[in-house]
There are 2 protein chains.
Amino acid sequence: MKKQNIAIVGAGLVGSLWAVYLAKKGHNVHVFDRRNDIRKVKIIQGKSINLALSDRGWKGLTGAGIENEIHKVALPMSGRLMHSVSGELTYQPYGKENQAIYSVSRGLLNQTLLKCADEFENVTLYFEHQCKDLDIKTNTLKFERADTGEKVEMSFDRIFGTDGAFSAVRARMQRMDRFDYSQEYLSHGYKELEIPPAADGSYQLDPLALHIWPRGEFMMIALPNPDKSFTCTLFLAFEGKHSFENLKTEEQVTEFFHSHFADAAALMPEMLQDFFTNPTSSLVMTKCNPWNVEDKICLMGDAAHAIVPFYGQGMNCGFEDCSVLNELIENIGDDWEKIFSEFTRLRKPAGDAILELALRNYIEMRDKTADKQFLLQKKIEAKFSSKHPTLWTPLYSQVTFSHIPYDQALKNGIRQDEIMKKVMDRPDIDTVWESDEIEQHILKLVQEN
Amino acid sequence: MKKQNIAIVGAGLVGSLWAVYLAKKGHNVHVFDRRNDIRKVKIIQGKSINLALSDRGWKGLTGAGIENEIHKVALPMSGRLMHSVSGELTYQPYGKENQAIYSVSRGLLNQTLLKCADEFENVTLYFEHQCKDLDIKTNTLKFERADTGEKVEMSFDRIFGTDGAFSAVRARMQRMDRFDYSQEYLSHGYKELEIPPAADGSYQLDPLALHIWPRGEFMMIALPNPDKSFTCTLFLAFEGKHSFENLKTEEQVTEFFHSHFADAAALMPEMLQDFFTNPTSSLVMTKCNPWNVEDKICLMGDAAHAIVPFYGQGMNCGFEDCSVLNELIENIGDDWEKIFSEFTRLRKPAGDAILELALRNYIEMRDKTADKQFLLQKKIEAKFSSKHPTLWTPLYSQVTFSHIPYDQALKNGIRQDEIMKKVMDRPDIDTVWESDEIEQHILKLVQEN
């Protein structure tokens, strides 16, 4: 394989990981980021955003050889623990025994990946370099240094845009003829809050689960941190009856939490201060097509497909971009036009599908996880799947614990929903769900399809 | 009303017209354009893009008092004349007798509007001023002069973005939180060709019609020019069996035209040269939301809603933006926040609807106008409408010859389609369509709805 002079714009999770992949192949890799070196930023555990790492993400990390280092600081969550308004708990396992998703600190993960990339002699890191423009004809990147104001221009054989949902590389591509692009914001925003460790230094909630307070039109979730705190995220509409707009005073916020999240509020001494100090953030979804410009430029991660966080797949999908593109390079060789166009062809439908899945999971998490029929359906699916694992993998497991392309998983999930609708329509389903008759009914429906 | 210091970015059709509206109200109006003064450009009739002016557009022009001047150079087209592969002609009137759409030269119209705006003392025109950025906090526009390279900054009470499908004002808004935006290209592109006047200086085709060569997946249209030529536009896929990609050689182009447009090709001596000289252009659709930033910035015309040209409504819709916004200003007064947010609330659904209508009309023009059943359906509708004008206005007439909001017209059209589907499903419809029975059937269906 011919050695390439490569730029990666964006030293976030996907950019840092991709730098390791390319460095291992012997290319000259230049990684640019507009911010300061994240390794110099002190990560306060419990204050950092947490991500849920699952199988697709682990596979990406394994390709870079750093899975063991991350396992040390990753906390397994084997299921969802739903909190009702009265504080009653309902547990729903994510998959089979031994299957879990892992709570990891975004900051810590980014630091580790960057350290890993920096160990290669053929990787050069540039911080405080903001990408201002890109000459597509000559594949020249134009940066402005945040520290000195200096303008820097460099040309490359290949440029990878891994600069996130508001990608500068994609913004330049947006001005090209026949480039499709959309950005759409959810009507809901989010705010982070904290459940600190107990006085004796222990967790105040079960740390082996992802906690959800589903309330129909809004919800709160909590993920454990290694310092025994939980990072809580409140997802709520910007406007309307239950909305951030209507939470302006301390009285309103107190009343809102005591009505809807009483058990959690009791564990959050700093809740009011956090609420008014922490920002209310928006949630954007972006799509674009194509993801590449000839053999020159390729988008990966959020720059190509920014999704909403409700399936915990944003980072996992970005790491899977690395695995898939790496495989294409290994199979195709030096034909970068083919490598990039195949990447668009394979991954664009996958990106669209995981966005669709994440939007559906938002409804599921905030609304359906409080619904007894929905929980029963999941139990029936789990039972059938354990008896007939080759015939039925629950959708959540396909997305989280498999490497089936997202678009295929979405198709399978729609087919499963059609089958389960017929099963759940039986008026006596509550009493007969464990019977052989139901099992035979599902078997028949699966085989008919 | 308080006098405002106003910027209009973009001196195209909508920007020039809107300048006249605002000037008449006594505001200080500054109009910027990145190009040279279009009045200095020689408009070669027959070479300029033609637009189809209809009632919504005329209303906008009347508001500026220049409808008479345009009438002199506008050519009425009272219907579609469809050309079959064998050259057979079928005529379909657009509306009632005396109703027509008008072929006008885009360049000439723009020149006239700009001249009209320039007559006001309170209008200042700035050419070769490219908008590079916009400080939303202070409502300051930042321009770079194309002639001198000089950087110019000016602040305004209100800024109107009328700078087209690739609007710089909207591009700045796109970087704001919670601003939705999408751009999507059709898989079809277009190329302009010409049918020159006959040797004796007369038209080679009937000038009182818009000519269509509908061929299913592609089509050609022709609009008359005052110099007795026709401007033809070929709409064709970029890739695929019948596509620009497959028209690379003179042999391929000749063969393509002789197979599909033999009667037109016979009238185009310069066809091959035009085909290889004129560019192949793409067709973009854009949507965004909201159209305004508080009381500061407002998008109008293509900057807010770039649509595909198949309903001939792009300019008409932009001129209607002027009528509607003008009415809001007259009703609301000095509350610009309310004026702008009402404009978004009223016009955003209208913009989405005319895009949807234009896409549907694309299918109709290239595909259905060659279908006998479709033409019969239109005849039945026209007959029913002429007998019951208060009960039925054909969708085309609602869009073209009325001021019903586009979103209402789309809804009405969908309802009419449901009714006509039932009528056309009668196996004997070919023979009984003029009967009282059919009239009564439609009457009953209309009254049921």
# chains A, B, ... in the order shown; residues from 1 in each chain; ligands from 1
>>> residues_around(residues="Asn122 of chain B", least_positions_apart="4", cutoff="7 Å", atoms="only C-alpha atoms", output="ChimeraX atom specification")
/B:23,27-29
>>> write_last_selection(atoms="C-alpha atoms", output="PDB file, in the first residue's frame")
ATOM      1  CA  ALA B  23     -39.348  52.751   0.035  1.00  0.00           C
ATOM      2  CA  HIS B  27     -37.940  53.796   5.271  1.00  0.00           C
ATOM      3  CA  ASN B  28     -34.246  54.193   4.523  1.00  0.00           C
ATOM      4  CA  VAL B  29     -33.536  51.245   2.272  1.00  0.00           C
TER       5      VAL B  29
END
>>> closest_atom_pairs(of="chain A", to="chain B", cutoff="6 Å", atoms="only C-alpha atoms", output="tab-separated table")
residue	atom	partner	partner_atom	distance
A:Arg178	CA	B:Tyr185	CA	5.5
A:Asp180	CA	B:Glu184	CA	4.6
A:Tyr181	CA	B:Gln183	CA	5.3
A:Ser182	CA	B:Ser182	CA	3.9
A:Gln183	CA	B:Tyr181	CA	5.3
A:Glu184	CA	B:Asp180	CA	4.6
A:Tyr185	CA	B:Arg178	CA	5.5
>>> atom_distance(atom1="atom CA of Ile70 of chain A", atom2="atom CA of Phe401 of chain A")
17.8 Å
>>> residues_around(residues="Met424 of chain A", least_positions_apart="2", cutoff="10 Å", atoms="only C-alpha atoms", output="ChimeraX atom specification")
/A:373-374,376-377,380,419-422,426-430,433,438
>>> select_by_dssp(residues="segment 63-171 of chain B", states="alpha helix (DSSP H)", output="ChimeraX atom specification")
/B:63-64,67-71,106-118,168-171
>>> residues_around(residues="Tyr91 of chain B", least_positions_apart="4", cutoff="7 Å", atoms="only C-alpha atoms", output="PyMOL selection string")
chain B and resi 79-82
>>> atom_distance(atom1="atom CA of Val324 of chain B", atom2="atom CA of Asp118 of chain B")
22.8 Å
>>> residues_around(residues="Leu114 of chain A", least_positions_apart="2", cutoff="8 Å", atoms="only C-alpha atoms", output="list in words")
Ala11, Ser16, Leu17, Arg39, Asn110, Gln111, Thr112, Cys116, Ala117 and Asp118 of chain A
>>> residues_around(residues="Leu391 of chain B", least_positions_apart="6", cutoff="9 Å", atoms="only C-alpha atoms", output="compact mmCIF listing (two decimals) with N, CA, C and O atoms, in the first residue's frame")
# COMPACT_ATOMS: atom_id res chain seq x y z
N PHE B 384 -67.01 20.17 -14.50
CA PHE B 384 -67.72 20.29 -13.22
C PHE B 384 -67.48 21.67 -12.61
O PHE B 384 -68.40 22.32 -12.11
N SER B 385 -66.24 22.10 -12.69
CA SER B 385 -65.88 23.40 -12.12
C SER B 385 -66.62 24.54 -12.81
O SER B 385 -67.06 25.50 -12.17
N LEU B 443 -71.08 15.70 -7.40
CA LEU B 443 -71.79 16.57 -6.45
C LEU B 443 -71.97 15.88 -5.10
O LEU B 443 -71.70 16.47 -4.04
N VAL B 446 -68.65 15.56 -3.31
CA VAL B 446 -68.20 16.86 -2.77
C VAL B 446 -68.97 17.18 -1.50
O VAL B 446 -68.40 17.65 -0.51
N GLN B 447 -70.28 16.91 -1.54
CA GLN B 447 -71.10 17.28 -0.38
C GLN B 447 -70.87 16.35 0.81
O GLN B 447 -71.04 16.76 1.96
>>> closest_residue(among="A:Glu217, A:Asp371, A:Glu255, A:Glu342", to="His242 of chain A", atoms="only C-alpha atoms")
A:Glu217
>>> closest_residue(among="A:Lys387, A:Arg170, A:His403, A:Lys444", to="His305 of chain A", atoms="only C-alpha atoms")
A:Arg170
>>> atom_distance(atom1="atom CA of Gly216 of chain A", atom2="atom CA of Pro349 of chain B")
28.1 Å
>>> residues_around(residues="Tyr311 of chain A", least_positions_apart="4", cutoff="10 Å", atoms="only C-alpha atoms", output="JSON, numbers by chain")
{"A": [52, 307, 316, 354, 355, 357, 358, 359, 360, 361, 362, 365, 396, 399, 400]}
>>> write_last_selection(atoms="all heavy atoms", output="short mmCIF file (atom, residue, chain, number, x, y, z; two decimals), in the first residue's frame")
data_model
loop_
_atom_site.label_atom_id
_atom_site.label_comp_id
_atom_site.auth_asym_id
_atom_site.auth_seq_id
_atom_site.Cartn_x
_atom_site.Cartn_y
_atom_site.Cartn_z
N ALA A 52 -22.44 5.46 26.69
CA ALA A 52 -22.67 4.02 26.90
C ALA A 52 -21.96 3.27 25.79
O ALA A 52 -22.38 3.28 24.63
CB ALA A 52 -24.15 3.72 26.90
N ILE A 307 -26.49 12.09 15.47
CA ILE A 307 -27.79 11.54 15.85
C ILE A 307 -28.15 11.97 17.27
O ILE A 307 -27.33 12.53 17.98
CB ILE A 307 -27.81 9.99 15.73
CG1 ILE A 307 -26.84 9.35 16.73
CG2 ILE A 307 -27.48 9.56 14.32
CD1 ILE A 307 -26.89 7.83 16.73
N ASN A 316 -20.61 4.72 19.34
CA ASN A 316 -20.46 3.35 18.83
C ASN A 316 -20.53 3.32 17.31
O ASN A 316 -19.76 2.62 16.65
CB ASN A 316 -21.54 2.45 19.44
CG ASN A 316 -21.30 2.22 20.94
OD1 ASN A 316 -20.34 1.57 21.32
ND2 ASN A 316 -22.14 2.81 21.79
N ILE A 354 -29.61 4.34 12.03
CA ILE A 354 -29.38 4.50 13.46
C ILE A 354 -30.02 5.80 13.96
O ILE A 354 -30.49 5.88 15.11
CB ILE A 354 -27.88 4.38 13.85
CG1 ILE A 354 -27.74 4.32 15.39
CG2 ILE A 354 -27.03 5.48 13.28
CD1 ILE A 354 -28.47 3.18 16.06
N LEU A 355 -30.12 6.81 13.07
CA LEU A 355 -30.86 8.02 13.46
C LEU A 355 -32.33 7.69 13.70
O LEU A 355 -32.93 8.07 14.72
CB LEU A 355 -30.72 9.10 12.37
CG LEU A 355 -31.57 10.36 12.56
CD1 LEU A 355 -31.31 11.00 13.93
CD2 LEU A 355 -31.29 11.38 11.46
N LEU A 357 -33.59 4.77 14.41
CA LEU A 357 -33.67 3.93 15.60
C LEU A 357 -33.56 4.76 16.88
O LEU A 357 -34.27 4.50 17.86
CB LEU A 357 -32.56 2.86 15.56
CG LEU A 357 -32.79 1.70 14.58
CD1 LEU A 357 -31.48 0.97 14.29
CD2 LEU A 357 -33.83 0.73 15.14
N ALA A 358 -32.68 5.75 16.87
CA ALA A 358 -32.49 6.59 18.06
C ALA A 358 -33.75 7.41 18.34
O ALA A 358 -34.14 7.59 19.50
CB ALA A 358 -31.28 7.49 17.87
N LEU A 359 -34.40 7.90 17.28
CA LEU A 359 -35.64 8.65 17.47
C LEU A 359 -36.74 7.75 18.04
O LEU A 359 -37.48 8.13 18.94
CB LEU A 359 -36.10 9.28 16.15
CG LEU A 359 -35.31 10.51 15.70
CD1 LEU A 359 -35.65 10.88 14.26
CD2 LEU A 359 -35.60 11.70 16.62
N ARG A 360 -36.82 6.51 17.51
CA ARG A 360 -37.81 5.57 18.04
C ARG A 360 -37.52 5.23 19.49
O ARG A 360 -38.44 5.08 20.30
CB ARG A 360 -37.77 4.26 17.23
CG ARG A 360 -38.37 4.40 15.86
CD ARG A 360 -38.12 3.14 15.05
NE ARG A 360 -38.77 3.27 13.77
CZ ARG A 360 -39.55 2.33 13.23
NH1 ARG A 360 -39.73 1.20 13.83
NH2 ARG A 360 -40.13 2.53 12.07
N ASN A 361 -36.25 5.08 19.84
CA ASN A 361 -35.90 4.72 21.20
C ASN A 361 -36.22 5.85 22.17
O ASN A 361 -36.46 5.61 23.36
CB ASN A 361 -34.43 4.34 21.30
CG ASN A 361 -34.22 3.15 22.22
OD1 ASN A 361 -35.01 2.22 22.19
ND2 ASN A 361 -33.19 3.19 23.05
N TYR A 362 -36.21 7.07 21.66
CA TYR A 362 -36.59 8.20 22.51
C TYR A 362 -38.04 8.03 22.99
O TYR A 362 -38.34 8.14 24.18
CB TYR A 362 -36.44 9.50 21.72
CG TYR A 362 -36.73 10.74 22.53
CD1 TYR A 362 -36.42 10.79 23.88
CD2 TYR A 362 -37.30 11.85 21.92
CE1 TYR A 362 -36.68 11.94 24.62
CE2 TYR A 362 -37.55 12.99 22.65
CZ TYR A 362 -37.25 13.03 24.01
OH TYR A 362 -37.51 14.16 24.72
N MET A 365 -38.11 5.03 25.41
CA MET A 365 -37.56 5.27 26.75
C MET A 365 -38.46 6.15 27.61
O MET A 365 -38.69 5.88 28.78
CB MET A 365 -36.19 5.93 26.66
CG MET A 365 -35.08 5.00 26.27
SD MET A 365 -33.54 5.91 26.01
CE MET A 365 -32.91 5.99 27.71
N TYR A 396 -33.08 -4.50 20.29
CA TYR A 396 -32.08 -3.83 21.13
C TYR A 396 -30.76 -4.59 21.10
O TYR A 396 -29.68 -3.98 21.01
CB TYR A 396 -32.58 -3.69 22.57
CG TYR A 396 -31.65 -2.84 23.41
CD1 TYR A 396 -31.82 -1.46 23.47
CD2 TYR A 396 -30.58 -3.41 24.08
CE1 TYR A 396 -30.95 -0.66 24.18
CE2 TYR A 396 -29.70 -2.62 24.80
CZ TYR A 396 -29.88 -1.25 24.86
OH TYR A 396 -29.01 -0.48 25.56
N VAL A 399 -28.86 -4.09 17.80
CA VAL A 399 -28.20 -2.78 17.72
C VAL A 399 -27.00 -2.75 18.66
O VAL A 399 -25.92 -2.26 18.30
CB VAL A 399 -29.18 -1.65 18.07
CG1 VAL A 399 -28.47 -0.31 18.21
CG2 VAL A 399 -30.28 -1.56 17.00
N THR A 400 -27.17 -3.31 19.86
CA THR A 400 -26.21 -3.08 20.93
C THR A 400 -25.17 -4.18 21.05
O THR A 400 -24.02 -3.91 21.35
CB THR A 400 -26.98 -2.94 22.27
OG1 THR A 400 -28.00 -1.97 22.08
CG2 THR A 400 -26.07 -2.51 23.39
#
>>> closest_residue(among="A:Lys191, A:Arg158, A:Ala237, A:Met219", to="Glu364 of chain A", atoms="only C-alpha atoms")
A:Met219
>>> select_by_dssp(residues="segment 48-193 of chain B", states="strand (DSSP E or B)", output="ChimeraX atom specification")
/B:50-53,75-77,79-83,89-93,101-105,123-126,129-135,140-145,151-155,158-161,180-193
>>> closest_residue(among="B:Ser78, B:Asn225, B:Ser402, B:Asn412", to="Ala209 of chain B", atoms="only C-alpha atoms")
B:Ser78
